[in-house]
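S.K.: I am attaching a structure below and will ask some questions about it afterwards.
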Amino acid sequence: MRGRTGPAGRSSRTASSWLDSPTGRRPGSPCNDRASSKASYRFELSTPAAYTAVANGSLVGKHTGSSRTVWVYEQAEPMSTYLATVQIGRYRASRLEGASVPMTVHAPARLRAGVDLALARQGEMLQTFASLFGPYPFPAYTVVVTDDVLEIPLESQTLSTFGANHLRTDWQSQRLIAHELAHQWFGNALTAGEWRDIWLHEGFACYSEWLWSEWSGGRPAQRHADEHWRRLSALPQDLILADPSRARMFDDRVYKRGALLLHALRLRLGDALFFDVLRTWVDAHRYGTVSTAAFTEHVSAAADAAGVGVRQLLQAWLFSPQLPELPRAVTGA
Ligand SMILES: [Zn+2]
């Protein structure tokens, strides 16, 4: 794997600076491992001929010799180092239809039937998110399904990896398929420059699950919100969403409280303004890095212009350990 990254810099961590990628998410190449250091990438991978190599971006070259194949991928849009990935296996490629961008699945042949069932609505999912968040931010979307079981799926830029155990049609699997897809907007195209702002990835991806549920004819987001608000209200109130601490950055409360914050904003702003705010947020920061302060300012400016107050709401959800109440829906929204 070859990658171009930003200028190498000394790693520094202070009380107000939380920049280095979490241990365990590091790519296997020398790099300036900060989410804010985005770059384009080119991968050249040589495998035995029976194997397929998949990496971020688009396949721009494939050369098959007598016993080996060289795969060349280019990731043109800027990418954070932690989102780089290489997957190699005995995969069979298939195309999924129904979206405005090409969608490819690489999976072991034995899992073909499961792929067809579990990913049947992924195109519809992508189009739904594009209508809510703005155009899908990359030229294509790829899914890799591993032959073995994975505890959790994982998002990478332009590519998500699922385990064989995730190929199901129940809500627990479908919500993960929606979650990883939504990270292409929230986390990959727009990346938090500091890890304390991880809710800008996970809260949005979690809320996208609820939006897919609602838009696909399942339970409305309000019911997911009510259920998770009740769950969170019974847990310790000791987590600050906008600064959960390094040890708790993947605490489930970051995911759910982040999603609840977005639902609270939707209730306060009404659907038209809420989704307009999301689309302008993505449009303003696509391929860049973002922060809680920038999001707060973006939403507040739009809400102020519409004569709706959200600053206290944002302050309470982001910076108070106590779980705020969900607001009532605006009438007529
Ligand atoms: Zn996630």
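Chain lettering (A, B, ...) mirrors the order of the structure tokens, residue numbering begins at 1 for each chain separately, and ligand numbering begins at 1 in order of display.
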Which residues of chain A sit at most 10 Å from ligand 1, using only C-alpha atoms and all ligand atoms? Give each one's shortest atom pair and distance in Å (one decimal place), in chain and ascending residue order, as a Markdown table.

M.R.:
| residue | atom | partner | partner_atom_place_in_ligand_line | distance |
| --- | --- | --- | --- | --- |
| A:Ile152 | CA | ligand 1 | 1 (Zn) | 9.5 |
| A:Pro153 | CA | ligand 1 | 1 (Zn) | 8.6 |
| A:Leu154 | CA | ligand 1 | 1 (Zn) | 7.3 |
| A:Glu155 | CA | ligand 1 | 1 (Zn) | 7.1 |
| A:Leu176 | CA | ligand 1 | 1 (Zn) | 8.4 |
| A:Ala178 | CA | ligand 1 | 1 (Zn) | 9.9 |
| A:His179 | CA | ligand 1 | 1 (Zn) | 6.2 |
| A:Glu180 | CA | ligand 1 | 1 (Zn) | 6.2 |
| A:Leu181 | CA | ligand 1 | 1 (Zn) | 9.4 |
| A:Ala182 | CA | ligand 1 | 1 (Zn) | 8.5 |
| A:His183 | CA | ligand 1 | 1 (Zn) | 6.6 |
| A:Phe186 | CA | ligand 1 | 1 (Zn) | 9.1 |
| A:Gly187 | CA | ligand 1 | 1 (Zn) | 8.3 |
| A:Ile198 | CA | ligand 1 | 1 (Zn) | 9.4 |
| A:Trp199 | CA | ligand 1 | 1 (Zn) | 9.4 |
| A:His201 | CA | ligand 1 | 1 (Zn) | 6.6 |
| A:Glu202 | CA | ligand 1 | 1 (Zn) | 4.8 |
| A:Gly203 | CA | ligand 1 | 1 (Zn) | 8.1 |
| A:Phe204 | CA | ligand 1 | 1 (Zn) | 8.6 |
| A:Ala205 | CA | ligand 1 | 1 (Zn) | 5.9 |
| A:Cys206 | CA | ligand 1 | 1 (Zn) | 7.2 |
| A:Phe250 | CA | ligand 1 | 1 (Zn) | 8.9 |
| A:Tyr255 | CA | ligand 1 | 1 (Zn) | 8.0 |

S.K.: Applying 7 Å and only C-alpha atoms, which residues near region 76-93 of chain A remain after dropping the ones on its own chain fewer than 4 positions away? List them as a PyMOL selection string.

M.R.: chain A and resi 21+25-27+33-41+50-57+104-109+156-157+287

S.K.: Output as an MDAnalysis selection string all residues of region 69-312 of chain A that backbone DSSP marks as strand (DSSP E).

M.R.: chainID A and resid 69:79 86:89 92:96 103:107 141:145 154:156 159:162 190:192 288:290

S.K.: DSSP on the backbone: which residues in region 49-194 of chain A end up as helix (DSSP H, G or I)? Give the answer as an MDAnalysis selection string.

M.R.: chainID A and resid 81:83 109:118 122:133 164:166 171:182

S.K.: Which residues are close to region 218-220 of chain A, i.e. within 12 Å by only C-alpha atoms, leaving aside same-chain residues fewer than 6 positions away? Reply as a list in words.

M.R.: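 In the requested format, the answer is Asp170, Trp171, Gln174, Arg175, Tyr207, Ser208, Glu209, Trp210, Leu211, Trp212, Asp226, Glu227 and His263 of chain A.
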
S.K.: Pick out the residues sitting within 8 Å of Ala118 (chain A), and hand them over as JSON, numbers by chain; count only C-alpha atoms, and ignore anything fewer than 4 positions along from it in its own chain.

M.R.: {"A": [114, 167, 168, 169, 173, 174]}

S.K.: Put those residues in a file: C-alpha atoms, as a short mmCIF file (atom, residue, chain, number, x, y, z; two decimals), in the first residue's frame.

M.R.:
data_model
loop_
_atom_site.label_atom_id
_atom_site.label_comp_id
_atom_site.auth_asym_id
_atom_site.auth_seq_id
_atom_site.Cartn_x
_atom_site.Cartn_y
_atom_site.Cartn_z
CA GLY A 114 -27.42 -13.86 1.75
CA LEU A 167 -26.24 -10.73 6.06
CA ARG A 168 -29.72 -10.78 7.52
CA THR A 169 -32.94 -8.94 6.86
CA SER A 173 -28.63 -6.09 10.54
CA GLN A 174 -30.46 -3.57 8.37
#

S.K.: Find the residues near region 222-225 of chain A: any atom within 10 Å, counting only C-alpha atoms, skip ones fewer than 6 places away on the same chain, and give them as a PDB file with all heavy atoms, in the first residue's frame.

M.R.:
ATOM      1  N   TYR A 207     -28.584   8.250  13.962  1.00  0.00           N
ATOM      2  CA  TYR A 207     -29.870   8.868  13.595  1.00  0.00           C
ATOM      3  C   TYR A 207     -30.274   8.466  12.177  1.00  0.00           C
ATOM      4  O   TYR A 207     -31.479   8.344  11.889  1.00  0.00           O
ATOM      5  CB  TYR A 207     -29.810  10.391  13.721  1.00  0.00           C
ATOM      6  CG  TYR A 207     -31.193  11.014  13.679  1.00  0.00           C
ATOM      7  CD1 TYR A 207     -32.165  10.602  14.589  1.00  0.00           C
ATOM      8  CD2 TYR A 207     -31.542  11.965  12.741  1.00  0.00           C
ATOM      9  CE1 TYR A 207     -33.442  11.123  14.553  1.00  0.00           C
ATOM     10  CE2 TYR A 207     -32.826  12.509  12.707  1.00  0.00           C
ATOM     11  CZ  TYR A 207     -33.767  12.074  13.617  1.00  0.00           C
ATOM     12  OH  TYR A 207     -35.051  12.583  13.580  1.00  0.00           O
ATOM     13  N   GLU A 209     -29.965   5.573  10.954  1.00  0.00           N
ATOM     14  CA  GLU A 209     -30.676   4.301  11.102  1.00  0.00           C
ATOM     15  C   GLU A 209     -32.168   4.571  11.324  1.00  0.00           C
ATOM     16  O   GLU A 209     -33.026   3.936  10.713  1.00  0.00           O
ATOM     17  CB  GLU A 209     -30.146   3.523  12.311  1.00  0.00           C
ATOM     18  CG  GLU A 209     -28.687   3.172  12.276  1.00  0.00           C
ATOM     19  CD  GLU A 209     -28.227   2.609  13.621  1.00  0.00           C
ATOM     20  OE1 GLU A 209     -29.070   2.147  14.417  1.00  0.00           O
ATOM     21  OE2 GLU A 209     -27.013   2.630  13.891  1.00  0.00           O
ATOM     22  N   TRP A 210     -32.444   5.509  12.221  1.00  0.00           N
ATOM     23  CA  TRP A 210     -33.845   5.807  12.563  1.00  0.00           C
ATOM     24  C   TRP A 210     -34.558   6.442  11.376  1.00  0.00           C
ATOM     25  O   TRP A 210     -35.747   6.195  11.156  1.00  0.00           O
ATOM     26  CB  TRP A 210     -33.924   6.720  13.771  1.00  0.00           C
ATOM     27  CG  TRP A 210     -33.235   6.188  15.004  1.00  0.00           C
ATOM     28  CD1 TRP A 210     -32.682   4.939  15.172  1.00  0.00           C
ATOM     29  CD2 TRP A 210     -33.020   6.883  16.232  1.00  0.00           C
ATOM     30  NE1 TRP A 210     -32.132   4.829  16.416  1.00  0.00           N
ATOM     31  CE2 TRP A 210     -32.323   6.003  17.091  1.00  0.00           C
ATOM     32  CE3 TRP A 210     -33.335   8.161  16.692  1.00  0.00           C
ATOM     33  CZ2 TRP A 210     -31.949   6.372  18.386  1.00  0.00           C
ATOM     34  CZ3 TRP A 210     -32.963   8.534  17.982  1.00  0.00           C
ATOM     35  CH2 TRP A 210     -32.281   7.643  18.813  1.00  0.00           C
ATOM     36  N   LEU A 211     -33.816   7.268  10.624  1.00  0.00           N
ATOM     37  CA  LEU A 211     -34.428   7.882   9.436  1.00  0.00           C
ATOM     38  C   LEU A 211     -34.758   6.817   8.392  1.00  0.00           C
ATOM     39  O   LEU A 211     -35.823   6.845   7.773  1.00  0.00           O
ATOM     40  CB  LEU A 211     -33.486   8.935   8.839  1.00  0.00           C
ATOM     41  CG  LEU A 211     -33.269  10.195   9.682  1.00  0.00           C
ATOM     42  CD1 LEU A 211     -32.178  11.065   9.052  1.00  0.00           C
ATOM     43  CD2 LEU A 211     -34.575  10.991   9.814  1.00  0.00           C
ATOM     44  N   SER A 213     -35.403   3.712   8.983  1.00  0.00           N
ATOM     45  CA  SER A 213     -36.557   2.992   9.533  1.00  0.00           C
ATOM     46  C   SER A 213     -37.844   3.715   9.154  1.00  0.00           C
ATOM     47  O   SER A 213     -38.802   3.114   8.649  1.00  0.00           O
ATOM     48  CB  SER A 213     -36.417   2.901  11.059  1.00  0.00           C
ATOM     49  OG  SER A 213     -37.592   2.399  11.658  1.00  0.00           O
ATOM     50  N   GLU A 214     -37.855   5.016   9.372  1.00  0.00           N
ATOM     51  CA  GLU A 214     -39.062   5.806   9.095  1.00  0.00           C
ATOM     52  C   GLU A 214     -39.352   5.887   7.596  1.00  0.00           C
ATOM     53  O   GLU A 214     -40.489   5.663   7.167  1.00  0.00           O
ATOM     54  CB  GLU A 214     -38.873   7.220   9.671  1.00  0.00           C
ATOM     55  CG  GLU A 214     -40.075   8.128   9.484  1.00  0.00           C
ATOM     56  CD  GLU A 214     -39.925   9.439  10.263  1.00  0.00           C
ATOM     57  OE1 GLU A 214     -39.252   9.441  11.319  1.00  0.00           O
ATOM     58  OE2 GLU A 214     -40.471  10.457   9.817  1.00  0.00           O
ATOM     59  N   ARG A 231     -34.160   4.590  27.771  1.00  0.00           N
ATOM     60  CA  ARG A 231     -32.991   3.782  28.156  1.00  0.00           C
ATOM     61  C   ARG A 231     -31.884   4.657  28.739  1.00  0.00           C
ATOM     62  O   ARG A 231     -31.310   4.342  29.774  1.00  0.00           O
ATOM     63  CB  ARG A 231     -32.439   3.042  26.938  1.00  0.00           C
ATOM     64  CG  ARG A 231     -33.248   1.828  26.557  1.00  0.00           C
ATOM     65  CD  ARG A 231     -32.515   1.046  25.484  1.00  0.00           C
ATOM     66  NE  ARG A 231     -33.323  -0.036  24.967  1.00  0.00           N
ATOM     67  CZ  ARG A 231     -32.997  -0.750  23.905  1.00  0.00           C
ATOM     68  NH1 ARG A 231     -31.882  -0.492  23.260  1.00  0.00           N
ATOM     69  NH2 ARG A 231     -33.783  -1.723  23.495  1.00  0.00           N
ATOM     70  N   LYS A 256     -26.230   7.172  20.917  1.00  0.00           N
ATOM     71  CA  LYS A 256     -27.668   7.375  21.102  1.00  0.00           C
ATOM     72  C   LYS A 256     -27.982   8.815  21.498  1.00  0.00           C
ATOM     73  O   LYS A 256     -28.962   9.392  21.031  1.00  0.00           O
ATOM     74  CB  LYS A 256     -28.214   6.388  22.143  1.00  0.00           C
ATOM     75  CG  LYS A 256     -28.046   4.920  21.753  1.00  0.00           C
ATOM     76  CD  LYS A 256     -28.664   4.618  20.394  1.00  0.00           C
ATOM     77  CE  LYS A 256     -28.701   3.138  20.019  1.00  0.00           C
ATOM     78  NZ  LYS A 256     -27.401   2.459  19.982  1.00  0.00           N
ATOM     79  N   ARG A 257     -27.162   9.385  22.360  1.00  0.00           N
ATOM     80  CA  ARG A 257     -27.435  10.781  22.732  1.00  0.00           C
ATOM     81  C   ARG A 257     -27.207  11.711  21.537  1.00  0.00           C
ATOM     82  O   ARG A 257     -27.933  12.690  21.356  1.00  0.00           O
ATOM     83  CB  ARG A 257     -26.552  11.195  23.919  1.00  0.00           C
ATOM     84  CG  ARG A 257     -26.862  12.612  24.382  1.00  0.00           C
ATOM     85  CD  ARG A 257     -26.346  12.849  25.776  1.00  0.00           C
ATOM     86  NE  ARG A 257     -26.419  14.258  26.105  1.00  0.00           N
ATOM     87  CZ  ARG A 257     -26.491  14.744  27.337  1.00  0.00           C
ATOM     88  NH1 ARG A 257     -26.511  13.915  28.358  1.00  0.00           N
ATOM     89  NH2 ARG A 257     -26.530  16.030  27.568  1.00  0.00           N
ATOM     90  N   ALA A 259     -27.769  10.905  18.426  1.00  0.00           N
ATOM     91  CA  ALA A 259     -28.961  10.741  17.592  1.00  0.00           C
ATOM     92  C   ALA A 259     -30.142  11.485  18.201  1.00  0.00           C
ATOM     93  O   ALA A 259     -30.934  12.119  17.492  1.00  0.00           O
ATOM     94  CB  ALA A 259     -29.287   9.254  17.441  1.00  0.00           C
ATOM     95  N   LEU A 260     -30.257  11.415  19.523  1.00  0.00           N
ATOM     96  CA  LEU A 260     -31.357  12.117  20.194  1.00  0.00           C
ATOM     97  C   LEU A 260     -31.225  13.632  20.044  1.00  0.00           C
ATOM     98  O   LEU A 260     -32.229  14.327  19.883  1.00  0.00           O
ATOM     99  CB  LEU A 260     -31.389  11.723  21.678  1.00  0.00           C
ATOM    100  CG  LEU A 260     -31.936  10.317  21.960  1.00  0.00           C
ATOM    101  CD1 LEU A 260     -31.607   9.885  23.389  1.00  0.00           C
ATOM    102  CD2 LEU A 260     -33.448  10.274  21.720  1.00  0.00           C
ATOM    103  N   LEU A 261     -29.999  14.126  20.079  1.00  0.00           N
ATOM    104  CA  LEU A 261     -29.799  15.568  19.852  1.00  0.00           C
ATOM    105  C   LEU A 261     -30.350  15.957  18.483  1.00  0.00           C
ATOM    106  O   LEU A 261     -31.050  16.963  18.338  1.00  0.00           O
ATOM    107  CB  LEU A 261     -28.313  15.914  19.946  1.00  0.00           C
ATOM    108  CG  LEU A 261     -27.897  17.387  19.749  1.00  0.00           C
ATOM    109  CD1 LEU A 261     -26.513  17.618  20.320  1.00  0.00           C
ATOM    110  CD2 LEU A 261     -27.900  17.831  18.293  1.00  0.00           C
ATOM    111  N   LEU A 262     -30.032  15.143  17.479  1.00  0.00           N
ATOM    112  CA  LEU A 262     -30.510  15.465  16.131  1.00  0.00           C
ATOM    113  C   LEU A 262     -32.035  15.384  16.059  1.00  0.00           C
ATOM    114  O   LEU A 262     -32.679  16.203  15.395  1.00  0.00           O
ATOM    115  CB  LEU A 262     -29.860  14.528  15.111  1.00  0.00           C
ATOM    116  CG  LEU A 262     -28.357  14.772  14.929  1.00  0.00           C
ATOM    117  CD1 LEU A 262     -27.713  13.660  14.116  1.00  0.00           C
ATOM    118  CD2 LEU A 262     -28.112  16.131  14.263  1.00  0.00           C
ATOM    119  N   HIS A 263     -32.611  14.419  16.762  1.00  0.00           N
ATOM    120  CA  HIS A 263     -34.071  14.340  16.758  1.00  0.00           C
ATOM    121  C   HIS A 263     -34.679  15.550  17.474  1.00  0.00           C
ATOM    122  O   HIS A 263     -35.696  16.101  17.033  1.00  0.00           O
ATOM    123  CB  HIS A 263     -34.547  13.040  17.395  1.00  0.00           C
ATOM    124  CG  HIS A 263     -36.004  12.796  17.171  1.00  0.00           C
ATOM    125  ND1 HIS A 263     -36.523  12.541  15.917  1.00  0.00           N
ATOM    126  CD2 HIS A 263     -37.070  12.811  18.019  1.00  0.00           C
ATOM    127  CE1 HIS A 263     -37.840  12.400  16.004  1.00  0.00           C
ATOM    128  NE2 HIS A 263     -38.197  12.558  17.261  1.00  0.00           N
ATOM    129  N   ALA A 264     -34.025  15.966  18.557  1.00  0.00           N
ATOM    130  CA  ALA A 264     -34.503  17.158  19.271  1.00  0.00           C
ATOM    131  C   ALA A 264     -34.443  18.386  18.352  1.00  0.00           C
ATOM    132  O   ALA A 264     -35.374  19.210  18.329  1.00  0.00           O
ATOM    133  CB  ALA A 264     -33.654  17.391  20.525  1.00  0.00           C
ATOM    134  N   LEU A 267     -37.295  18.193  15.867  1.00  0.00           N
ATOM    135  CA  LEU A 267     -38.570  18.571  16.473  1.00  0.00           C
ATOM    136  C   LEU A 267     -38.667  20.088  16.633  1.00  0.00           C
ATOM    137  O   LEU A 267     -39.726  20.678  16.435  1.00  0.00           O
ATOM    138  CB  LEU A 267     -38.724  17.884  17.835  1.00  0.00           C
ATOM    139  CG  LEU A 267     -38.874  16.363  17.807  1.00  0.00           C
ATOM    140  CD1 LEU A 267     -38.879  15.806  19.225  1.00  0.00           C
ATOM    141  CD2 LEU A 267     -40.144  15.948  17.069  1.00  0.00           C
ATOM    142  N   LEU A 326     -36.817  15.689  25.496  1.00  0.00           N
ATOM    143  CA  LEU A 326     -37.040  15.933  24.073  1.00  0.00           C
ATOM    144  C   LEU A 326     -38.080  17.034  23.926  1.00  0.00           C
ATOM    145  O   LEU A 326     -39.093  17.032  24.644  1.00  0.00           O
ATOM    146  CB  LEU A 326     -37.550  14.661  23.389  1.00  0.00           C
ATOM    147  CG  LEU A 326     -36.495  13.594  23.078  1.00  0.00           C
ATOM    148  CD1 LEU A 326     -37.168  12.301  22.654  1.00  0.00           C
ATOM    149  CD2 LEU A 326     -35.538  14.073  22.004  1.00  0.00           C
ATOM    150  N   ALA A 329     -42.854  18.525  19.155  1.00  0.00           N
ATOM    151  CA  ALA A 329     -42.755  18.825  17.715  1.00  0.00           C
ATOM    152  C   ALA A 329     -43.381  20.186  17.441  1.00  0.00           C
ATOM    153  O   ALA A 329     -44.353  20.582  18.080  1.00  0.00           O
ATOM    154  CB  ALA A 329     -43.476  17.745  16.915  1.00  0.00           C
TER     155      ALA A 329
END

S.K.: Would you compute the distance between CA of Ala306 (chain A) and CA of Trp229 (chain A)? Give it in Å to one decimal.

M.R.: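 Between these atoms lies a distance of 27.5 Å.
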
S.K.: Just how far from CA of Leu150 (chain A) is CA of Asn165 (chain A), in Å to one decimal?

M.R.: 7.0 Å

S.K.: Applying 6 Å and only C-alpha atoms, which residues near Val145 (chain A) remain after dropping the ones on its own chain fewer than 4 positions away? List them as a count of residues only.

M.R.: 4

S.K.: Within 12 Å of Leu239 (chain A), counting only C-alpha atoms, which residues show up once you throw out same-chain ones fewer than 6 positions away? Write them as a PyMOL selection string, please.

M.R.: chain A and resi 196+232-233+245-258+317-323

S.K.: I'd like to know which of A:Ser160, A:Asn188, A:Gln312, A:Gln237 is closest to Val290 (chain A), using only C-alpha atoms.

M.R.: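 That would be A:Asn188, the residue with the smallest distance to Val290 (chain A).
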
S.K.: So what do you get for CA of Ala293 (chain A) versus CA of Leu132 (chain A), distance-wise?

M.R.: 22.6 Å

S.K.: Out of A:Asp148, A:Asp304, A:Glu74, A:Asp276, which residue has the shortest atom-to-atom distance to Ser131 (chain A) when counting only C-alpha atoms?

M.R.: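 Looking at the shortest contact to Ser131 (chain A), the residue is A:Asp276.
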